[in-house]
$ cat query_28.cif   # mmCIF, C-alpha atoms
data_run
loop_
_atom_site.group_PDB
_atom_site.id
_atom_site.type_symbol
_atom_site.label_atom_id
_atom_site.label_comp_id
_atom_site.auth_asym_id
_atom_site.auth_seq_id
_atom_site.Cartn_x
_atom_site.Cartn_y
_atom_site.Cartn_z
ATOM 1 C CA MET A 12 2.803 -20.606 -3.686
ATOM 2 C CA GLY A 13 6.186 -20.104 -5.317
ATOM 3 C CA ALA A 14 9.269 -21.741 -3.817
ATOM 4 C CA SER A 15 10.833 -18.358 -3.098
ATOM 5 C CA LEU A 16 7.689 -16.551 -1.941
ATOM 6 C CA ASN A 17 5.048 -17.159 0.729
ATOM 7 C CA ILE A 18 1.680 -15.463 0.135
ATOM 8 C CA GLU A 19 -1.105 -14.686 2.610
ATOM 9 C CA ARG A 20 -4.377 -13.329 1.230
ATOM 10 C CA LEU A 21 -6.021 -10.914 3.668
ATOM 11 C CA SER A 22 -9.752 -10.694 4.474
ATOM 12 C CA ILE A 23 -10.144 -8.638 1.292
ATOM 13 C CA PRO A 24 -8.399 -11.241 -0.888
ATOM 14 C CA GLU A 25 -7.215 -8.843 -3.587
ATOM 15 C CA VAL A 26 -4.743 -7.518 -1.004
ATOM 16 C CA ALA A 27 -1.911 -9.912 -0.174
ATOM 17 C CA VAL A 28 1.038 -9.999 2.201
ATOM 18 C CA MET A 29 4.027 -11.690 0.631
ATOM 19 C CA SER A 30 7.208 -12.867 2.290
ATOM 20 C CA PRO A 31 10.215 -13.534 0.061
ATOM 21 C CA VAL A 32 12.598 -16.234 1.262
ATOM 22 C CA LYS A 33 15.748 -14.834 2.873
ATOM 23 C CA HIS A 34 18.960 -16.891 2.700
ATOM 24 C CA GLY A 35 21.545 -16.006 5.333
ATOM 25 C CA ASP A 36 24.985 -17.058 6.464
ATOM 26 C CA GLN A 37 28.002 -15.517 8.230
ATOM 27 C CA ARG A 38 28.345 -12.942 5.405
ATOM 28 C CA GLY A 39 24.800 -11.601 5.712
ATOM 29 C CA PHE A 40 21.813 -12.504 3.533
ATOM 30 C CA PHE A 41 20.449 -12.707 0.009
ATOM 31 C CA SER A 42 16.801 -12.377 -0.963
ATOM 32 C CA GLU A 43 14.990 -12.123 -4.275
ATOM 33 C CA THR A 44 12.594 -9.346 -3.255
ATOM 34 C CA TYR A 45 10.781 -9.210 -6.600
ATOM 35 C CA SER A 46 10.354 -11.646 -9.466
ATOM 36 C CA LYS A 47 7.780 -11.077 -12.198
ATOM 37 C CA ALA A 48 7.973 -14.795 -13.071
ATOM 38 C CA VAL A 49 7.369 -15.982 -9.485
ATOM 39 C CA LEU A 50 4.386 -13.628 -9.109
ATOM 40 C CA ALA A 51 2.987 -14.791 -12.463
ATOM 41 C CA ASP A 52 3.241 -18.400 -11.231
ATOM 42 C CA VAL A 53 0.823 -17.516 -8.404
ATOM 43 C CA GLY A 54 -1.561 -15.585 -10.666
ATOM 44 C CA ILE A 55 -0.269 -12.052 -10.089
ATOM 45 C CA ASP A 56 0.686 -10.508 -13.426
ATOM 46 C CA ILE A 57 1.641 -6.858 -12.998
ATOM 47 C CA ASP A 58 3.989 -4.687 -15.020
ATOM 48 C CA PHE A 59 5.680 -2.441 -12.485
ATOM 49 C CA LEU A 60 7.166 0.689 -14.073
ATOM 50 C CA GLN A 61 8.827 2.547 -11.234
ATOM 51 C CA ASP A 62 10.401 2.119 -7.801
ATOM 52 C CA ASN A 63 9.941 4.761 -5.084
ATOM 53 C CA HIS A 64 11.916 5.095 -1.852
ATOM 54 C CA ALA A 65 10.619 7.140 1.093
ATOM 55 C CA LEU A 66 12.278 7.929 4.410
ATOM 56 C CA SER A 67 10.152 8.926 7.402
ATOM 57 C CA VAL A 68 12.427 10.290 10.110
ATOM 58 C CA GLN A 69 9.934 10.252 12.978
ATOM 59 C CA SER A 70 7.811 7.451 14.350
ATOM 60 C CA GLY A 71 4.120 8.310 13.943
ATOM 61 C CA THR A 72 4.510 9.707 10.437
ATOM 62 C CA VAL A 73 1.342 9.058 8.421
ATOM 63 C CA ARG A 74 1.341 8.953 4.635
ATOM 64 C CA GLY A 75 -2.009 8.565 2.944
ATOM 65 C CA LEU A 76 -4.502 7.447 2.222
ATOM 66 C CA HIS A 77 -3.390 7.840 -1.419
ATOM 67 C CA PHE A 78 -4.361 6.536 -4.855
ATOM 68 C CA GLN A 79 -4.275 7.582 -8.487
ATOM 69 C CA VAL A 80 -7.342 7.495 -10.732
ATOM 70 C CA PRO A 81 -7.556 6.113 -14.289
ATOM 71 C CA PRO A 82 -5.891 6.226 -16.693
ATOM 72 C CA PHE A 83 -2.969 6.484 -14.237
ATOM 73 C CA ALA A 84 -4.280 4.150 -11.523
ATOM 74 C CA GLN A 85 -1.492 2.241 -9.762
ATOM 75 C CA GLU A 86 -0.962 -1.141 -8.232
ATOM 76 C CA LYS A 87 1.651 -1.004 -5.465
ATOM 77 C CA LEU A 88 4.043 -3.517 -3.947
ATOM 78 C CA ILE A 89 5.332 -2.087 -0.664
ATOM 79 C CA ARG A 90 8.236 -3.303 1.462
ATOM 80 C CA VAL A 91 10.293 -1.851 4.304
ATOM 81 C CA ALA A 92 14.091 -1.705 4.054
ATOM 82 C CA ARG A 93 14.514 -0.302 7.585
ATOM 83 C CA GLY A 94 12.028 0.039 10.431
ATOM 84 C CA ALA A 95 8.334 -0.897 10.437
ATOM 85 C CA ILE A 96 4.966 0.404 9.285
ATOM 86 C CA PHE A 97 1.296 -0.138 9.979
ATOM 87 C CA ASP A 98 0.027 -0.470 6.408
ATOM 88 C CA VAL A 99 -3.606 0.007 5.322
ATOM 89 C CA ALA A 100 -5.575 -0.618 2.119
ATOM 90 C CA VAL A 101 -9.174 0.685 1.825
ATOM 91 C CA ASP A 102 -11.524 -0.675 -0.847
ATOM 92 C CA ILE A 103 -12.936 2.322 -2.765
ATOM 93 C CA ARG A 104 -14.469 0.324 -5.645
ATOM 94 C CA VAL A 105 -18.129 1.306 -5.895
ATOM 95 C CA GLY A 106 -20.298 -1.834 -5.930
ATOM 96 C CA SER A 107 -17.694 -3.999 -4.222
ATOM 97 C CA PRO A 108 -18.987 -6.235 -1.403
ATOM 98 C CA THR A 109 -16.154 -4.790 0.718
ATOM 99 C CA PHE A 110 -16.554 -1.126 -0.335
ATOM 100 C CA GLY A 111 -15.354 1.196 2.447
ATOM 101 C CA GLN A 112 -13.753 -1.670 4.359
ATOM 102 C CA HIS A 113 -10.040 -1.961 4.997
ATOM 103 C CA VAL A 114 -7.311 -4.452 5.717
ATOM 104 C CA SER A 115 -4.097 -3.745 7.560
ATOM 105 C CA ALA A 116 -0.792 -5.438 8.255
ATOM 106 C CA ILE A 117 2.500 -4.713 9.957
ATOM 107 C CA ILE A 118 5.197 -4.586 7.291
ATOM 108 C CA SER A 119 8.739 -4.486 8.599
ATOM 109 C CA ALA A 120 12.375 -5.025 7.749
ATOM 110 C CA ASP A 121 12.554 -7.663 10.492
ATOM 111 C CA ALA A 122 9.588 -9.642 9.117
ATOM 112 C CA TRP A 123 10.900 -9.194 5.559
ATOM 113 C CA ASN A 124 7.365 -9.041 4.227
ATOM 114 C CA GLN A 125 5.632 -6.962 1.569
ATOM 115 C CA ILE A 126 2.063 -5.959 0.793
ATOM 116 C CA LEU A 127 0.390 -5.874 -2.617
ATOM 117 C CA VAL A 128 -2.233 -3.137 -2.969
ATOM 118 C CA PRO A 129 -4.275 -3.345 -6.198
ATOM 119 C CA VAL A 130 -5.983 -0.655 -8.253
ATOM 120 C CA GLY A 131 -9.206 0.536 -6.622
ATOM 121 C CA PHE A 132 -7.757 0.760 -3.118
ATOM 122 C CA ALA A 133 -6.588 3.795 -1.158
ATOM 123 C CA HIS A 134 -3.252 3.092 0.510
ATOM 124 C CA GLY A 135 -1.742 4.557 3.646
ATOM 125 C CA LEU A 136 0.793 3.851 6.332
ATOM 126 C CA ALA A 137 1.964 4.967 9.742
ATOM 127 C CA THR A 138 5.569 4.504 10.780
ATOM 128 C CA LEU A 139 6.154 2.479 13.926
ATOM 129 C CA GLU A 140 9.874 3.210 14.268
ATOM 130 C CA PRO A 141 12.057 6.260 13.606
ATOM 131 C CA ASN A 142 14.039 6.415 10.359
ATOM 132 C CA THR A 143 11.757 3.987 8.583
ATOM 133 C CA GLU A 144 12.531 3.480 4.900
ATOM 134 C CA VAL A 145 9.795 2.249 2.572
ATOM 135 C CA ILE A 146 10.495 1.028 -0.947
ATOM 136 C CA TYR A 147 7.563 0.445 -3.251
ATOM 137 C CA LYS A 148 6.920 -0.486 -6.841
ATOM 138 C CA VAL A 149 4.114 1.137 -8.829
ATOM 139 C CA SER A 150 2.500 -0.012 -12.061
ATOM 140 C CA ASN A 151 1.987 3.467 -13.512
ATOM 141 C CA ARG A 152 3.873 6.743 -13.507
ATOM 142 C CA TYR A 153 3.074 9.550 -11.115
ATOM 143 C CA SER A 154 0.498 11.981 -12.500
ATOM 144 C CA PRO A 155 -0.211 15.037 -10.306
ATOM 145 C CA GLU A 156 -3.625 15.643 -11.877
ATOM 146 C CA HIS A 157 -4.666 12.018 -11.174
ATOM 147 C CA ASP A 158 -3.235 11.936 -7.643
ATOM 148 C CA LYS A 159 -6.098 11.683 -5.133
ATOM 149 C CA GLY A 160 -6.621 10.742 -1.526
ATOM 150 C CA LEU A 161 -8.924 9.842 1.322
ATOM 151 C CA PHE A 162 -8.813 11.300 4.850
ATOM 152 C CA TRP A 163 -6.903 8.894 7.076
ATOM 153 C CA ARG A 164 -9.071 9.458 10.186
ATOM 154 C CA ASP A 165 -12.482 9.240 8.479
ATOM 155 C CA PRO A 166 -14.636 7.586 11.211
ATOM 156 C CA ALA A 167 -16.573 5.712 8.507
ATOM 157 C CA LEU A 168 -13.442 3.668 7.766
ATOM 158 C CA GLY A 169 -12.996 2.386 11.332
ATOM 159 C CA ILE A 170 -9.208 2.140 11.061
ATOM 160 C CA ASP A 171 -7.487 1.577 14.404
ATOM 161 C CA TRP A 172 -4.348 3.605 13.694
ATOM 162 C CA PRO A 173 -1.389 3.129 16.067
ATOM 163 C CA VAL A 174 -0.999 6.917 16.395
ATOM 164 C CA SER A 175 -3.466 9.565 17.582
ATOM 165 C CA GLU A 176 -4.606 12.460 15.433
ATOM 166 C CA THR A 177 -2.777 14.927 17.655
ATOM 167 C CA GLU A 178 0.519 12.995 17.579
ATOM 168 C CA ALA A 179 0.497 12.027 13.895
ATOM 169 C CA ILE A 180 2.887 13.798 11.535
ATOM 170 C CA LEU A 181 1.202 14.477 8.178
ATOM 171 C CA SER A 182 1.709 16.636 5.130
ATOM 172 C CA GLU A 183 -0.595 19.632 4.796
ATOM 173 C CA LYS A 184 -2.134 17.959 1.748
ATOM 174 C CA ASP A 185 -2.998 14.786 3.679
ATOM 175 C CA LYS A 186 -4.675 16.789 6.462
ATOM 176 C CA ARG A 187 -7.204 18.160 3.944
ATOM 177 C CA LEU A 188 -8.180 14.996 2.062
ATOM 178 C CA PRO A 189 -11.906 14.218 1.633
ATOM 179 C CA LYS A 190 -13.895 11.611 3.549
ATOM 180 C CA LEU A 191 -15.238 8.474 1.859
ATOM 181 C CA SER A 192 -18.731 9.991 1.571
ATOM 182 C CA GLU A 193 -17.217 12.919 -0.358
ATOM 183 C CA LEU A 194 -15.266 10.860 -2.902
ATOM 184 C CA PRO A 195 -16.478 10.739 -6.504
ATOM 185 C CA ASP A 196 -17.007 7.259 -7.970
ATOM 186 C CA TYR A 197 -13.467 6.856 -9.277
ATOM 187 C CA PHE A 198 -13.475 3.044 -9.357
ATOM 188 C CA HIS A 199 -16.195 0.462 -10.014
ATOM 189 C CA TYR A 200 -16.111 -3.136 -8.896
ATOM 190 C CA ASP A 201 -15.712 -5.641 -11.738
ATOM 191 C CA HIS A 202 -18.169 -8.463 -10.887
ATOM 192 C CA ASP A 203 -16.799 -10.569 -13.759
ATOM 193 C CA LYS A 204 -13.346 -10.837 -12.167
ATOM 194 C CA ASP A 205 -14.630 -12.968 -9.278
#
$ encode --input "query_28.cif" --output "structure tokens"
Amino acid sequence: MGASLNIERLSIPEVAVMSPVKHGDQRGFFSETYSKAVLADVGIDIDFLQDNHALSVQSGTVRGLHFQVPPFAQEKLIRVARGAIFDVAVDIRVGSPTFGQHVSAIISADAWNQILVPVGFAHGLATLEPNTEVIYKVSNRYSPEHDKGLFWRDPALGIDWPVSETEAILSEKDKRLPKLSELPDYFHYDHDKD
């Protein structure tokens, strides 16, 4: 654990919630929200190439479950600048002992936490507050032809979303994503990494 970062591994340990230290006084606060060196010190060595910033105006907005396939697969480091999200990562690595399982966490500006989602996981979120702003780093550029997804309400996933299907606000694309049973074998579990 780095001095400026607290890390909690979730039940699928490749996914981690990280909380950078926040220093505050009468002026406001300062926080080092990302440090390649600090992450490397705890065994996380990722070259992030791009930052993305998304605003969801309404509470109950669902984005996902998204991923990119090789050679443009992406690791993501997600944080919330304003508001709060219910964040989900689904293991879609064929042969993984946790294939088809998910982990979730509340990521919020108040908690000042982040979630690391590795390659081989579908990622999604639901906003818990209006005007929620999400900032996330990705380790590869966006590639439309490699951009894939998984249906957020697939019963096989067993995700307890904080918003109903009828109340959720989704893009037309996300409403038509395939179920887990319909996904090609995009990712394979690397037994040698464990």
$ residues_around --input "query_28.cif" --residues "A:Pro31" --least-positions-apart "3" --cutoff "6 Å" --atoms "all atoms listed in the file" --output "list in words"
Ser15, Leu16 and Thr44 of chain A
$ closest_atom_pairs --input "query_28.cif" --of "stretch 64-174 of chain A" --to "stretch 26-29 of chain A" --cutoff "6 Å" --atoms "all atoms listed in the file" --output "tab-separated table"
residue	atom	partner	partner_atom	distance
A:Asn124	CA	A:Met29	CA	5.6
A:Gln125	CA	A:Met29	CA	5.1
A:Ile126	CA	A:Val28	CA	4.4
A:Leu127	CA	A:Ala27	CA	5.3
A:Val128	CA	A:Val26	CA	5.4
$ residues_around --input "query_28.cif" --residues "A:Leu76" --least-positions-apart "6" --cutoff "7 Å" --atoms "all atoms listed in the file" --output "ChimeraX atom specification"
/A:133-135,160-163
$ write_last_selection --input "query_28.cif" --atoms "C-alpha atoms" --output "PDB file, in the frame of the given file"
ATOM      1  CA  ALA A 133      -6.588   3.795  -1.158  1.00  0.00           C
ATOM      2  CA  HIS A 134      -3.252   3.092   0.510  1.00  0.00           C
ATOM      3  CA  GLY A 135      -1.742   4.557   3.646  1.00  0.00           C
ATOM      4  CA  GLY A 160      -6.621  10.742  -1.526  1.00  0.00           C
ATOM      5  CA  LEU A 161      -8.924   9.842   1.322  1.00  0.00           C
ATOM      6  CA  PHE A 162      -8.813  11.300   4.850  1.00  0.00           C
ATOM      7  CA  TRP A 163      -6.903   8.894   7.076  1.00  0.00           C
TER       8      TRP A 163
END
$ resolve_selection --input "query_28.cif" --expression "the PyMOL selection byres ((chain A and resi 64) around 6)" --output "compact mmCIF listing (two decimals) with C-alpha atoms, keeping the file's coordinate frame"
# COMPACT_ATOMS: atom_id res chain seq x y z
CA ASN A 63 9.94 4.76 -5.08
CA ALA A 65 10.62 7.14 1.09
CA VAL A 145 9.80 2.25 2.57
CA ILE A 146 10.50 1.03 -0.95
$ closest_atom_pairs --input "query_28.cif" --of "stretch 17-79 of chain A" --to "stretch 173-187 of chain A" --cutoff "10 Å" --atoms "all atoms listed in the file" --output "CSV"
residue,atom,partner,partner_atom,distance
A:Ser67,CA,A:Ile180,CA,9.7
A:Gln69,CA,A:Ile180,CA,8.0
A:Ser70,CA,A:Ile180,CA,8.5
A:Gly71,CA,A:Ala179,CA,5.2
A:Thr72,CA,A:Ile180,CA,4.5
A:Val73,CA,A:Leu181,CA,5.4
A:Arg74,CA,A:Leu181,CA,6.6
A:Gly75,CA,A:Asp185,CA,6.3
A:Leu76,CA,A:Asp185,CA,7.6
A:His77,CA,A:Asp185,CA,8.6
$ residues_around --input "query_28.cif" --residues "A:Ile23" --least-positions-apart "5" --cutoff "8 Å" --atoms "all atoms listed in the file" --output "JSON, numbers by chain"
{"A": [109, 113, 114]}
$ residues_around --input "query_28.cif" --residues "A:Gly54" --least-positions-apart "3" --cutoff "12 Å" --atoms "all atoms listed in the file" --output "PDB file with C-alpha atoms, in the frame of the given file"
ATOM      1  CA  MET A  12       2.803 -20.606  -3.686  1.00  0.00           C
ATOM      2  CA  GLY A  13       6.186 -20.104  -5.317  1.00  0.00           C
ATOM      3  CA  ILE A  18       1.680 -15.463   0.135  1.00  0.00           C
ATOM      4  CA  GLU A  25      -7.215  -8.843  -3.587  1.00  0.00           C
ATOM      5  CA  ALA A  27      -1.911  -9.912  -0.174  1.00  0.00           C
ATOM      6  CA  LYS A  47       7.780 -11.077 -12.198  1.00  0.00           C
ATOM      7  CA  ALA A  48       7.973 -14.795 -13.071  1.00  0.00           C
ATOM      8  CA  VAL A  49       7.369 -15.982  -9.485  1.00  0.00           C
ATOM      9  CA  LEU A  50       4.386 -13.628  -9.109  1.00  0.00           C
ATOM     10  CA  ALA A  51       2.987 -14.791 -12.463  1.00  0.00           C
ATOM     11  CA  ILE A  57       1.641  -6.858 -12.998  1.00  0.00           C
TER      12      ILE A  57
END
$ closest_residue --input "query_28.cif" --among "A:Asp201, A:Ala122, A:Arg90, A:Arg104" --to "A:Lys33" --atoms "only C-alpha atoms"
A:Ala122
$ atom_distance --input "query_28.cif" --atom1 "atom CA of A:Ala167" --atom2 "atom CA of A:Ser115"
15.7 Å
$ atom_distance --input "query_28.cif" --atom1 "atom CA of A:Gln79" --atom2 "atom CA of A:Lys159"
5.6 Å
$ atom_distance --input "query_28.cif" --atom1 "atom CA of A:His34" --atom2 "atom CA of A:Val91"
17.4 Å
$ residues_near_point --input "query_28.cif" --point "(-6.7, 9.0, -11.1)" --cutoff "9 Å" --atoms "all atoms listed in the file" --output "PyMOL selection string"
chain A and resi 78-85+154-159+197
$ resolve_selection --input "query_28.cif" --expression "the PyMOL selection byres ((chain A and resi 112) around 7)" --output "ChimeraX atom specification"
/A:101-102,109-111,113,168
$ closest_residue --input "query_28.cif" --among "A:Leu21, A:Ile55, A:Ile170, A:Asp165" --to "A:Leu188" --atoms "all atoms listed in the file"
A:Asp165
$ closest_residue --input "query_28.cif" --among "A:Ser30, A:Val105, A:Gln61, A:Trp172" --to "A:Ser119" --atoms "only C-alpha atoms"
A:Ser30
$ axis_aligned_box --input "query_28.cif" --around "stretch 190-203 of chain A" --padding-each-side "5 Å" --output "AutoDock Vina command-line options"
--center_x -16.1 --center_y 1.2 --center_z -5.1 --size_x 15.3 --size_y 33.5 --size_z 27.3
$ resolve_selection --input "query_28.cif" --expression "the PyMOL selection byres ((chain A and resi 116) around 7)" --output "list in words"
Phe97, Asp98, Val99, Ser115, Ile117 and Ile118 of chain A
$ closest_residue --input "query_28.cif" --among "A:Pro24, A:Ser192, A:Asn151, A:Val53" --to "A:Pro108" --atoms "only C-alpha atoms"
A:Pro24
$ closest_residue --input "query_28.cif" --among "A:His199, A:Lys148, A:Lys190, A:Arg164" --to "A:Phe59" --atoms "only C-alpha atoms"
A:Lys148
$ closest_residue --input "query_28.cif" --among "A:Tyr200, A:Tyr45, A:Tyr153, A:Phe132" --to "A:Val32" --atoms "all atoms listed in the file"
A:Tyr45
$ decode --input "query_28.cif" --residues "stretch 120-131 of chain A" --atoms "all heavy atoms" --output "CSV table (one decimal), in the first residue's frame"
chain,number,residue,atom,x,y,z
A,120,ALA,N,-17.8,11.2,-5.5
A,120,ALA,CA,-16.9,12.3,-5.2
A,120,ALA,C,-16.7,12.4,-3.7
A,120,ALA,O,-15.6,12.8,-3.3
A,120,ALA,CB,-17.5,13.6,-5.8
A,121,ASP,N,-17.8,12.1,-3.0
A,121,ASP,CA,-17.6,12.3,-1.5
A,121,ASP,C,-16.7,11.2,-0.9
A,121,ASP,O,-15.9,11.6,-0.1
A,121,ASP,CB,-19.0,12.1,-0.8
A,121,ASP,CG,-19.9,13.3,-1.0
A,121,ASP,OD1,-19.4,14.4,-1.4
A,121,ASP,OD2,-21.1,13.1,-0.7
A,122,ALA,N,-16.7,10.0,-1.4
A,122,ALA,CA,-15.8,9.0,-0.9
A,122,ALA,C,-14.4,9.1,-1.5
A,122,ALA,O,-13.4,8.6,-1.0
A,122,ALA,CB,-16.3,7.6,-1.3
A,123,TRP,N,-14.3,9.9,-2.6
A,123,TRP,CA,-13.0,10.1,-3.2
A,123,TRP,C,-12.2,8.8,-3.6
A,123,TRP,O,-11.0,8.7,-3.4
A,123,TRP,CB,-12.1,11.1,-2.4
A,123,TRP,CG,-11.1,11.8,-3.2
A,123,TRP,CD1,-9.8,11.7,-3.1
A,123,TRP,CD2,-11.4,12.9,-4.1
A,123,TRP,NE1,-9.2,12.6,-4.0
A,123,TRP,CE2,-10.2,13.3,-4.6
A,123,TRP,CE3,-12.5,13.4,-4.6
A,123,TRP,CZ2,-10.0,14.3,-5.6
A,123,TRP,CZ3,-12.4,14.4,-5.6
A,123,TRP,CH2,-11.2,14.8,-6.0
A,124,ASN,N,-13.0,7.9,-4.1
A,124,ASN,CA,-12.4,6.6,-4.4
A,124,ASN,C,-12.4,6.4,-6.0
A,124,ASN,O,-13.0,7.2,-6.7
A,124,ASN,CB,-13.1,5.4,-3.7
A,124,ASN,CG,-14.6,5.4,-4.0
A,124,ASN,OD1,-15.2,6.3,-4.6
A,124,ASN,ND2,-15.3,4.4,-3.4
A,125,GLN,N,-11.8,5.4,-6.4
A,125,GLN,CA,-11.6,5.0,-7.8
A,125,GLN,C,-11.7,3.5,-7.9
A,125,GLN,O,-11.5,2.8,-7.0
A,125,GLN,CB,-10.3,5.5,-8.4
A,125,GLN,CG,-9.9,6.9,-8.1
A,125,GLN,CD,-8.5,7.2,-8.6
A,125,GLN,OE1,-7.9,6.5,-9.4
A,125,GLN,NE2,-8.0,8.3,-8.1
A,126,ILE,N,-12.0,3.0,-9.2
A,126,ILE,CA,-12.0,1.6,-9.4
A,126,ILE,C,-11.2,1.3,-10.6
A,126,ILE,O,-11.3,2.0,-11.6
A,126,ILE,CB,-13.5,1.1,-9.5
A,126,ILE,CG1,-13.5,-0.5,-9.5
A,126,ILE,CG2,-14.2,1.6,-10.7
A,126,ILE,CD1,-14.8,-1.1,-9.3
A,127,LEU,N,-10.4,0.3,-10.5
A,127,LEU,CA,-9.5,-0.2,-11.6
A,127,LEU,C,-10.2,-1.4,-12.2
A,127,LEU,O,-10.4,-2.4,-11.5
A,127,LEU,CB,-8.1,-0.6,-11.0
A,127,LEU,CG,-7.1,-1.2,-12.0
A,127,LEU,CD1,-6.7,-0.1,-13.1
A,127,LEU,CD2,-5.9,-1.7,-11.3
A,128,VAL,N,-10.5,-1.4,-13.5
A,128,VAL,CA,-11.1,-2.4,-14.2
A,128,VAL,C,-10.1,-2.9,-15.3
A,128,VAL,O,-9.8,-2.2,-16.2
A,128,VAL,CB,-12.4,-2.0,-14.9
A,128,VAL,CG1,-13.0,-3.1,-15.7
A,128,VAL,CG2,-13.4,-1.5,-13.8
A,129,PRO,N,-9.6,-4.2,-15.1
A,129,PRO,CA,-8.6,-4.7,-16.1
A,129,PRO,C,-9.2,-5.2,-17.4
A,129,PRO,O,-10.4,-5.3,-17.6
A,129,PRO,CB,-8.0,-5.8,-15.3
A,129,PRO,CG,-9.0,-6.3,-14.3
A,129,PRO,CD,-9.9,-5.1,-14.1
A,130,VAL,N,-8.3,-5.5,-18.3
A,130,VAL,CA,-8.7,-6.1,-19.6
A,130,VAL,C,-9.4,-7.4,-19.3
A,130,VAL,O,-9.0,-8.1,-18.4
A,130,VAL,CB,-7.4,-6.3,-20.5
A,130,VAL,CG1,-7.7,-7.2,-21.6
A,130,VAL,CG2,-6.9,-5.0,-21.0
A,131,GLY,N,-10.4,-7.7,-20.1
A,131,GLY,CA,-11.1,-9.0,-19.9
A,131,GLY,C,-12.3,-8.9,-19.0
A,131,GLY,O,-13.0,-9.9,-18.7
